[in-house]
Amino acid sequence: MSSIFNFKPSPLSLALKANAVTFLMLMAHAAEARIVTGPDEYVRPGLAPDRFELRPGSGLTVKGTATKDISAKSARLVVTPGSSTQDITAFDSDIRIDGSDVVARKTADAAIRATSSNVLVSNSNLIHNNGTALIAGRSLSGTDGSSVKVVNSTVTGTNRGASASAYSLLDFIDSHIEATNADGIGVALHSGTAFATGSTVVGGANGVQMGVDASSGIMDSTLVLDGSTVAGTNGAAILTRLGTNADIQVLNGSSLTGGNGNLLEVTQGSTANLNVDRSELFGDIVAEDGSTAKVQLNNGSWLTGQLHNVAELSVNEASHWVLVDDSNVDALKMDGGAVHFGGADEFYDLDVKSLEGNGTFIMHTDFATHQTDFLNVEGKAEGNHSLLLAATGSELASGEPIKVVHTEGGDAQFSLLGDNVEIGAYSYGLQKDGTDWLLDPTRRGTSASARSVLALFNSAPTVLYGEMSILRTRMGELRFSAGQGNGLWMRSYGNKFEVAGNKNGAGYSQIQRGFTIGTDAPLSSGDGQWIAGVMAGHSNSDLNLSRGSSGEVKSYYLGGYTTWLDAESGLYFDGVIKFNRLHNDSNVIMSDGKKAKGNYTQNAVGASAEFGRHIQLDDDFFVEPYGQLSTVITQAQSYELSNGLRGKGDRSSTVVGKAGVTVGKNIQLESGGVLQPYLRTALAHEFDQSNKVFINNQSFNNDVSGSRIELAAGVAMSVSQNLKLHADFETSEGKAIDQPWGINVGLRYAF
């Protein structure tokens, strides 16, 4: 600390010094200055600069010219734009300075020294190259301080920019105040008050220093910053001393900058109450032994820095304190705010003597090394608090619990935000052990990252089945044409699947949209009842997982099919083979709210064979029993999420057998067309029970085997000899997969 703070002048010496200076300055002016006694005297351009002494009741206006120093006692002084003066001394006077320069003599006490006066400075410059630019003071033992308002101006001194005594007020608006010496103080408050709005205060040592006016008996100093900046070039932004009670308000985007890294230093038995409101601060707060610092963060404020020996910290209303090292606070009060324990590779201890309220502690833990941020409550802890631990894609290296909170008692409750923390393939819970709180490796479930990997590897069968189900609905259209003639057809379709969470908790919903176009023609070989065709299409499937995680599968496919229709017996056969290219994207929201992404591509092939019989009944009714066997084989693939989690899917397969029946009626229309409404039901069963997925080398079985019941309703319509239309709605319910709805519409044009 600078040597200028190593002495403490007595109240009597301060009072004698102030009055001695005042007396000598008055005597000097009385001896040499021009005396002003009239109420409305003027100094105009053209006259040589002179000194002026304003006697009680007098008034002087300096109109666009230069003067030497001016003193005023119980008088009025106006300095108009374009003027310049030397130093001004005012006692019980009213001073107005606009658009002018006030430059102090080297021997002057200040550029403007106001005692028990009112001063307004606007659009001007106050300069002292060997002292203090602006002093707002009071008379000896009096309570009649000065009020000084500075608007859109600069105030520049060497050892002080500005100072204020007890009962005095400095009000800076859109102004710059600076002390240029290395040990200079931008604004010195001796039991005084200062407001700064849209202004900048800079000092070589401290931006603001808050002490006491010893002879006043007043120990309080007040500083209010509104959208302003205070900076100490070599020292703290703000320093309190000499036992003052400092009230500091940092409001509306204000900032504090300390050249030594300290925003606030509380020294020499002083007390500082720092209220931060809608502002963001970077730096440390340090209280000496025997001094007291209390800090409140309100209305979304941020403080990034270390706290040393701070008596009380309140983190309120969506505000945040970010630790940059180990810190200690006597009383930590949380009311909707958050405490951040630094970055991912930084592990800090926070020691507090008491904890109360409700808040969030954002922490990091290395589960491989057991390094962790740690909250240590040395006394009583109360309230309900959340722990937000950073999620990761790496694995828990051992099964040992990790202690993250210690208390000495109280009824505080801690819980993990979101009930768990995700570590690789698993998520872990929080365990209370006496008065400690530990991460419990025995309470684990599948992490959101792992569920996303499992869901994507599981989605290929439903994607391909959704695409293939449209083919069998063409049977009505083909029969309208008796299987003859070339045809061009298209389908637009949508499906929703609900895949139940198995023991891995990997449930999800899938919404699919797509279209298919195809063309077919009768084959000339064989018995003339065969039709062959090709098709191509695209589908897009959105996967919705828990807690906002999602996935997307874009499928591009090309296939071929053949159909055999025997009009006499009603027997038919339908065979399909299809090749797919799947583009998979995963978007994960982890337990700490952070996101992870990954993507991969894979190939798949699917085939189905259906055999049935169309039986014509009386009154144009028909029944159509059928059986179907379908299979899909998907290429093995591996990929890595951006959080480090690695997923690998073995080559997977699915085999579904289906037996069902369709009933319907052909209705002849007056227009010559035919309308064919129908209902369909079937029992389907998934036979394959083993589709292994490895996540960080740990094996999971993506088993969705089981049976389901399918129901469908649709209509086929022959509009003309060439044009056939179709619409179909289906739903199913099963052990592992439900289909709340599926719809497809399309047409076939024969030529």
# chains A, B, ... in the order shown; residues from 1 in each chain; ligands from 1
$ residues_around --residues "Asn584 (chain A)" --least-positions-apart "2" --cutoff "12 Å" --atoms "only C-alpha atoms" --output "JSON, numbers by chain"
{"A": [452, 453, 455, 456, 457, 458, 459, 460, 463, 540, 541, 542, 543, 550, 551, 552, 553, 554, 555, 556, 581, 582, 586, 587, 597, 598, 599, 600, 601, 602, 603, 637, 638, 639]}
$ write_last_selection --atoms "N, CA and C atoms" --output "mmCIF file, in the first residue's frame"
data_model
loop_
_atom_site.group_PDB
_atom_site.id
_atom_site.type_symbol
_atom_site.label_atom_id
_atom_site.label_comp_id
_atom_site.auth_asym_id
_atom_site.auth_seq_id
_atom_site.Cartn_x
_atom_site.Cartn_y
_atom_site.Cartn_z
ATOM 1 N N SER A 452 -29.446 -41.386 -26.529
ATOM 2 C CA SER A 452 -29.459 -40.881 -27.901
ATOM 3 C C SER A 452 -28.782 -41.863 -28.852
ATOM 4 N N VAL A 453 -27.645 -42.412 -28.418
ATOM 5 C CA VAL A 453 -26.945 -43.394 -29.253
ATOM 6 C C VAL A 453 -27.808 -44.630 -29.479
ATOM 7 N N ALA A 455 -31.066 -44.888 -29.280
ATOM 8 C CA ALA A 455 -32.246 -44.577 -30.086
ATOM 9 C C ALA A 455 -31.909 -44.524 -31.572
ATOM 10 N N LEU A 456 -30.799 -43.886 -31.919
ATOM 11 C CA LEU A 456 -30.438 -43.794 -33.335
ATOM 12 C C LEU A 456 -30.143 -45.176 -33.919
ATOM 13 N N PHE A 457 -29.383 -45.992 -33.168
ATOM 14 C CA PHE A 457 -29.098 -47.332 -33.671
ATOM 15 C C PHE A 457 -30.364 -48.185 -33.741
ATOM 16 N N ASN A 458 -31.393 -47.831 -32.992
ATOM 17 C CA ASN A 458 -32.638 -48.594 -32.974
ATOM 18 C C ASN A 458 -33.652 -48.115 -34.004
ATOM 19 N N SER A 459 -33.405 -46.954 -34.599
ATOM 20 C CA SER A 459 -34.432 -46.328 -35.436
ATOM 21 C C SER A 459 -34.501 -46.898 -36.847
ATOM 22 N N ALA A 460 -33.430 -47.558 -37.302
ATOM 23 C CA ALA A 460 -33.409 -48.030 -38.691
ATOM 24 C C ALA A 460 -34.585 -48.955 -39.022
ATOM 25 N N VAL A 463 -37.755 -46.940 -39.454
ATOM 26 C CA VAL A 463 -37.640 -46.107 -40.663
ATOM 27 C C VAL A 463 -37.956 -46.946 -41.900
ATOM 28 N N ASN A 540 -37.789 -38.569 -43.907
ATOM 29 C CA ASN A 540 -37.100 -37.842 -42.842
ATOM 30 C C ASN A 540 -37.786 -38.193 -41.523
ATOM 31 N N SER A 541 -37.008 -38.688 -40.568
ATOM 32 C CA SER A 541 -37.560 -39.092 -39.277
ATOM 33 C C SER A 541 -36.940 -38.243 -38.170
ATOM 34 N N ASP A 542 -37.808 -37.645 -37.358
ATOM 35 C CA ASP A 542 -37.375 -36.872 -36.194
ATOM 36 C C ASP A 542 -37.592 -37.700 -34.944
ATOM 37 N N LEU A 543 -36.551 -37.839 -34.135
ATOM 38 C CA LEU A 543 -36.617 -38.597 -32.892
ATOM 39 C C LEU A 543 -36.625 -37.622 -31.718
ATOM 40 N N SER A 550 -32.628 -34.884 -29.078
ATOM 41 C CA SER A 550 -33.316 -35.246 -30.311
ATOM 42 C C SER A 550 -32.354 -35.932 -31.266
ATOM 43 N N GLY A 551 -32.932 -36.548 -32.270
ATOM 44 C CA GLY A 551 -32.150 -37.157 -33.328
ATOM 45 C C GLY A 551 -32.869 -37.004 -34.655
ATOM 46 N N GLU A 552 -32.156 -37.210 -35.723
ATOM 47 C CA GLU A 552 -32.759 -37.111 -37.051
ATOM 48 C C GLU A 552 -32.152 -38.179 -37.950
ATOM 49 N N VAL A 553 -33.018 -38.828 -38.727
ATOM 50 C CA VAL A 553 -32.570 -39.830 -39.694
ATOM 51 C C VAL A 553 -33.112 -39.433 -41.062
ATOM 52 N N LYS A 554 -32.200 -39.170 -41.975
ATOM 53 C CA LYS A 554 -32.582 -38.902 -43.358
ATOM 54 C C LYS A 554 -32.269 -40.155 -44.174
ATOM 55 N N SER A 555 -33.306 -40.679 -44.815
ATOM 56 C CA SER A 555 -33.184 -41.939 -45.541
ATOM 57 C C SER A 555 -33.406 -41.706 -47.030
ATOM 58 N N TYR A 556 -32.503 -42.264 -47.823
ATOM 59 C CA TYR A 556 -32.624 -42.236 -49.277
ATOM 60 C C TYR A 556 -32.616 -43.698 -49.749
ATOM 61 N N ARG A 581 -29.661 -45.644 -47.757
ATOM 62 C CA ARG A 581 -28.514 -44.898 -47.227
ATOM 63 C C ARG A 581 -29.074 -43.989 -46.131
ATOM 64 N N LEU A 582 -28.621 -44.200 -44.898
ATOM 65 C CA LEU A 582 -29.166 -43.480 -43.749
ATOM 66 C C LEU A 582 -28.154 -42.468 -43.227
ATOM 67 N N SER A 586 -27.362 -36.734 -34.133
ATOM 68 C CA SER A 586 -27.770 -36.770 -32.734
ATOM 69 C C SER A 586 -27.501 -35.418 -32.092
ATOM 70 N N ASN A 587 -28.494 -34.898 -31.363
ATOM 71 C CA ASN A 587 -28.358 -33.648 -30.612
ATOM 72 C C ASN A 587 -28.797 -33.922 -29.173
ATOM 73 N N LYS A 597 -23.123 -33.178 -29.829
ATOM 74 C CA LYS A 597 -23.600 -33.562 -31.153
ATOM 75 C C LYS A 597 -22.755 -34.697 -31.721
ATOM 76 N N GLY A 598 -23.346 -35.410 -32.659
ATOM 77 C CA GLY A 598 -22.625 -36.441 -33.379
ATOM 78 C C GLY A 598 -23.409 -36.850 -34.604
ATOM 79 N N ASN A 599 -22.733 -37.443 -35.581
ATOM 80 C CA ASN A 599 -23.431 -37.893 -36.787
ATOM 81 C C ASN A 599 -22.657 -39.034 -37.439
ATOM 82 N N TYR A 600 -23.361 -39.815 -38.204
ATOM 83 C CA TYR A 600 -22.748 -40.913 -38.940
ATOM 84 C C TYR A 600 -23.700 -41.335 -40.051
ATOM 85 N N THR A 601 -23.188 -42.111 -40.992
ATOM 86 C CA THR A 601 -24.004 -42.670 -42.075
ATOM 87 C C THR A 601 -23.847 -44.193 -42.062
ATOM 88 N N GLN A 602 -24.857 -44.880 -42.556
ATOM 89 C CA GLN A 602 -24.789 -46.332 -42.652
ATOM 90 C C GLN A 602 -25.724 -46.808 -43.755
ATOM 91 N N ASN A 603 -25.460 -48.003 -44.202
ATOM 92 C CA ASN A 603 -26.278 -48.622 -45.241
ATOM 93 C C ASN A 603 -27.182 -49.682 -44.617
ATOM 94 N N GLN A 637 -21.714 -49.690 -37.400
ATOM 95 C CA GLN A 637 -21.139 -48.345 -37.518
ATOM 96 C C GLN A 637 -20.739 -47.853 -36.139
ATOM 97 N N SER A 638 -19.788 -46.922 -36.103
ATOM 98 C CA SER A 638 -19.368 -46.314 -34.844
ATOM 99 C C SER A 638 -19.186 -44.817 -35.058
ATOM 100 N N TYR A 639 -19.336 -44.053 -33.983
ATOM 101 C CA TYR A 639 -19.131 -42.611 -34.054
ATOM 102 C C TYR A 639 -18.899 -42.076 -32.647
#
$ select_by_dssp --residues "region 479-663 of chain A" --states "strand (DSSP E or B)" --output "PyMOL selection string"
chain A and resi 487-499+508-522+530-544+550-565+571-589+595-613+615-616+621-634+637-640+646-649+652-663
$ closest_residue --among "A:Gly235, A:Gly337, A:Gly593, A:Gly647" --to "Leu388 (chain A)" --atoms "only C-alpha atoms"
A:Gly593
$ closest_residue --among "A:Glu467, A:Asp92, A:Glu640, A:Asp325" --to "Phe694 (chain A)" --atoms "only C-alpha atoms"
A:Glu640
$ residues_around --residues "Met490 (chain A)" --least-positions-apart "5" --cutoff "7 Å" --atoms "only C-alpha atoms" --output "VMD selection string"
chain A and resid 516 to 518 746 to 748
$ select_by_dssp --residues "region 451-593 of chain A" --states "helix (DSSP H, G or I)" --output "MDAnalysis selection string"
chainID A and resid 451:472 475:480 546:548
$ closest_residue --among "A:Gly137, A:Gln413, A:Asn245, A:Phe751" --to "Leu488 (chain A)" --atoms "only C-alpha atoms"
A:Phe751
$ closest_residue --among "A:Asn544, A:Thr407, A:Ser630, A:Thr365" --to "Ile577 (chain A)" --atoms "only C-alpha atoms"
A:Ser630
$ atom_distance --atom1 "CA of His176 (chain A)" --atom2 "CA of Asn129 (chain A)"
15.9 Å
$ residues_around --residues "region 147-155 of chain A" --least-positions-apart "6" --cutoff "7 Å" --atoms "only C-alpha atoms" --output "list in words"
Ser117, Asn118, Val119, Leu120, Val121, Ser122, Asn123, Ser124, Asn125, Leu126, Ile127, Ala133, Ala136, Gly161, Ser168, Leu169, Leu170, Asp171, Phe172, Ile173, Asp174, Ser175, His176, Ile177 and Glu178 of chain A
$ residues_around --residues "His340 (chain A)" --least-positions-apart "4" --cutoff "7 Å" --atoms "only C-alpha atoms" --output "list in words"
Trp321, Val322, Leu323, Phe361, Ile362 and Met363 of chain A
$ write_last_selection --atoms "N, CA, C and O atoms" --output "CSV table (one decimal), in the first residue's frame"
chain,number,residue,atom,x,y,z
A,321,TRP,N,-22.0,-15.5,-9.0
A,321,TRP,CA,-20.6,-15.3,-8.5
A,321,TRP,C,-19.8,-16.4,-9.1
A,321,TRP,O,-20.0,-17.6,-8.9
A,322,VAL,N,-18.7,-16.0,-9.8
A,322,VAL,CA,-17.8,-17.0,-10.5
A,322,VAL,C,-16.4,-17.0,-9.7
A,322,VAL,O,-15.7,-16.0,-9.7
A,323,LEU,N,-16.1,-18.1,-9.1
A,323,LEU,CA,-14.8,-18.2,-8.4
A,323,LEU,C,-13.7,-18.3,-9.4
A,323,LEU,O,-13.8,-18.9,-10.5
A,361,PHE,N,-25.3,-24.3,-7.1
A,361,PHE,CA,-23.9,-24.3,-7.1
A,361,PHE,C,-23.4,-25.1,-8.4
A,361,PHE,O,-23.8,-26.3,-8.5
A,362,ILE,N,-22.7,-24.4,-9.2
A,362,ILE,CA,-22.3,-25.0,-10.5
A,362,ILE,C,-20.8,-25.5,-10.4
A,362,ILE,O,-19.9,-24.7,-10.2
A,363,MET,N,-20.7,-26.8,-10.4
A,363,MET,CA,-19.4,-27.4,-10.0
A,363,MET,C,-18.9,-28.4,-11.1
A,363,MET,O,-19.6,-28.7,-12.0
$ residues_around --residues "region 436-442 of chain A" --least-positions-apart "3" --cutoff "8 Å" --atoms "only C-alpha atoms" --output "MDAnalysis selection string"
chainID A and resid 399:407 414 428:433
$ write_last_selection --atoms "N, CA, C and O atoms" --output "compact mmCIF listing (two decimals), in the first residue's frame"
# COMPACT_ATOMS: atom_id res chain seq x y z
N GLY A 399 -15.74 -47.07 -8.37
CA GLY A 399 -17.05 -47.01 -7.75
C GLY A 399 -17.06 -46.24 -6.45
O GLY A 399 -18.03 -46.35 -5.69
N GLU A 400 -16.01 -45.49 -6.11
CA GLU A 400 -15.95 -44.77 -4.85
C GLU A 400 -16.82 -43.52 -4.90
O GLU A 400 -16.77 -42.76 -5.87
N PRO A 401 -17.61 -43.26 -3.86
CA PRO A 401 -18.38 -42.00 -3.81
C PRO A 401 -17.44 -40.80 -3.78
O PRO A 401 -16.31 -40.87 -3.28
N ILE A 402 -17.92 -39.68 -4.28
CA ILE A 402 -17.13 -38.45 -4.32
C ILE A 402 -17.87 -37.39 -3.52
O ILE A 402 -18.99 -37.02 -3.84
N LYS A 403 -17.19 -36.88 -2.46
CA LYS A 403 -17.82 -35.88 -1.61
C LYS A 403 -17.73 -34.51 -2.27
O LYS A 403 -16.66 -34.06 -2.66
N VAL A 404 -18.87 -33.84 -2.39
CA VAL A 404 -18.90 -32.51 -3.02
C VAL A 404 -19.37 -31.42 -2.06
O VAL A 404 -19.12 -30.24 -2.30
N VAL A 405 -20.05 -31.78 -0.96
CA VAL A 405 -20.52 -30.80 0.01
C VAL A 405 -20.31 -31.35 1.41
O VAL A 405 -20.60 -32.52 1.69
N HIS A 406 -19.80 -30.48 2.30
CA HIS A 406 -19.71 -30.81 3.72
C HIS A 406 -20.37 -29.71 4.52
O HIS A 406 -20.18 -28.52 4.25
N THR A 407 -21.15 -30.09 5.51
CA THR A 407 -21.73 -29.12 6.44
C THR A 407 -21.49 -29.62 7.86
O THR A 407 -21.25 -30.81 8.09
N PHE A 414 -29.72 -30.61 -0.29
CA PHE A 414 -29.04 -30.45 -1.57
C PHE A 414 -29.56 -31.52 -2.53
O PHE A 414 -29.82 -32.66 -2.14
N TYR A 428 -25.62 -40.45 -12.61
CA TYR A 428 -25.47 -40.79 -11.20
C TYR A 428 -26.26 -39.85 -10.32
O TYR A 428 -26.47 -38.68 -10.65
N GLY A 429 -26.66 -40.34 -9.17
CA GLY A 429 -27.45 -39.57 -8.23
C GLY A 429 -26.61 -39.05 -7.07
O GLY A 429 -25.40 -39.25 -6.99
N LEU A 430 -27.28 -38.33 -6.16
CA LEU A 430 -26.65 -37.73 -5.00
C LEU A 430 -27.07 -38.48 -3.74
O LEU A 430 -28.24 -38.83 -3.59
N GLN A 431 -26.12 -38.70 -2.85
CA GLN A 431 -26.36 -39.45 -1.63
C GLN A 431 -26.01 -38.59 -0.43
O GLN A 431 -24.99 -37.91 -0.40
N LYS A 432 -26.87 -38.59 0.59
CA LYS A 432 -26.57 -37.89 1.84
C LYS A 432 -25.94 -38.87 2.81
O LYS A 432 -26.45 -39.96 3.06
N ASP A 433 -24.82 -38.47 3.40
CA ASP A 433 -24.12 -39.30 4.37
C ASP A 433 -23.85 -38.44 5.60
O ASP A 433 -22.88 -37.69 5.65
$ residues_around --residues "Leu239 (chain A)" --least-positions-apart "5" --cutoff "7 Å" --atoms "only C-alpha atoms" --output "list in words"
Asn206, Val208, Gln209, Met210, Leu264, Glu265 and Val266 of chain A
$ write_last_selection --atoms "N, CA, C and O atoms" --output "short mmCIF file (atom, residue, chain, number, x, y, z; two decimals), in the first residue's frame"
data_model
loop_
_atom_site.label_atom_id
_atom_site.label_comp_id
_atom_site.auth_asym_id
_atom_site.auth_seq_id
_atom_site.Cartn_x
_atom_site.Cartn_y
_atom_site.Cartn_z
N ASN A 206 -6.00 4.74 -6.82
CA ASN A 206 -7.38 4.25 -6.71
C ASN A 206 -8.31 5.15 -7.50
O ASN A 206 -8.10 6.37 -7.57
N VAL A 208 -11.56 5.53 -6.61
CA VAL A 208 -12.26 6.22 -5.53
C VAL A 208 -11.66 5.76 -4.21
O VAL A 208 -11.44 4.57 -4.00
N GLN A 209 -11.41 6.74 -3.33
CA GLN A 209 -10.97 6.44 -1.97
C GLN A 209 -11.98 7.03 -1.01
O GLN A 209 -12.36 8.19 -1.12
N MET A 210 -12.44 6.20 -0.05
CA MET A 210 -13.49 6.61 0.86
C MET A 210 -12.96 6.56 2.28
O MET A 210 -12.57 5.50 2.78
N LEU A 264 -12.28 -3.94 -4.82
CA LEU A 264 -12.55 -3.23 -3.57
C LEU A 264 -11.59 -3.73 -2.51
O LEU A 264 -11.45 -4.94 -2.31
N GLU A 265 -10.93 -2.77 -1.82
CA GLU A 265 -10.11 -3.09 -0.66
C GLU A 265 -10.69 -2.36 0.54
O GLU A 265 -10.93 -1.15 0.49
N VAL A 266 -10.93 -3.11 1.61
CA VAL A 266 -11.53 -2.56 2.82
C VAL A 266 -10.46 -2.62 3.91
O VAL A 266 -10.05 -3.70 4.33
#
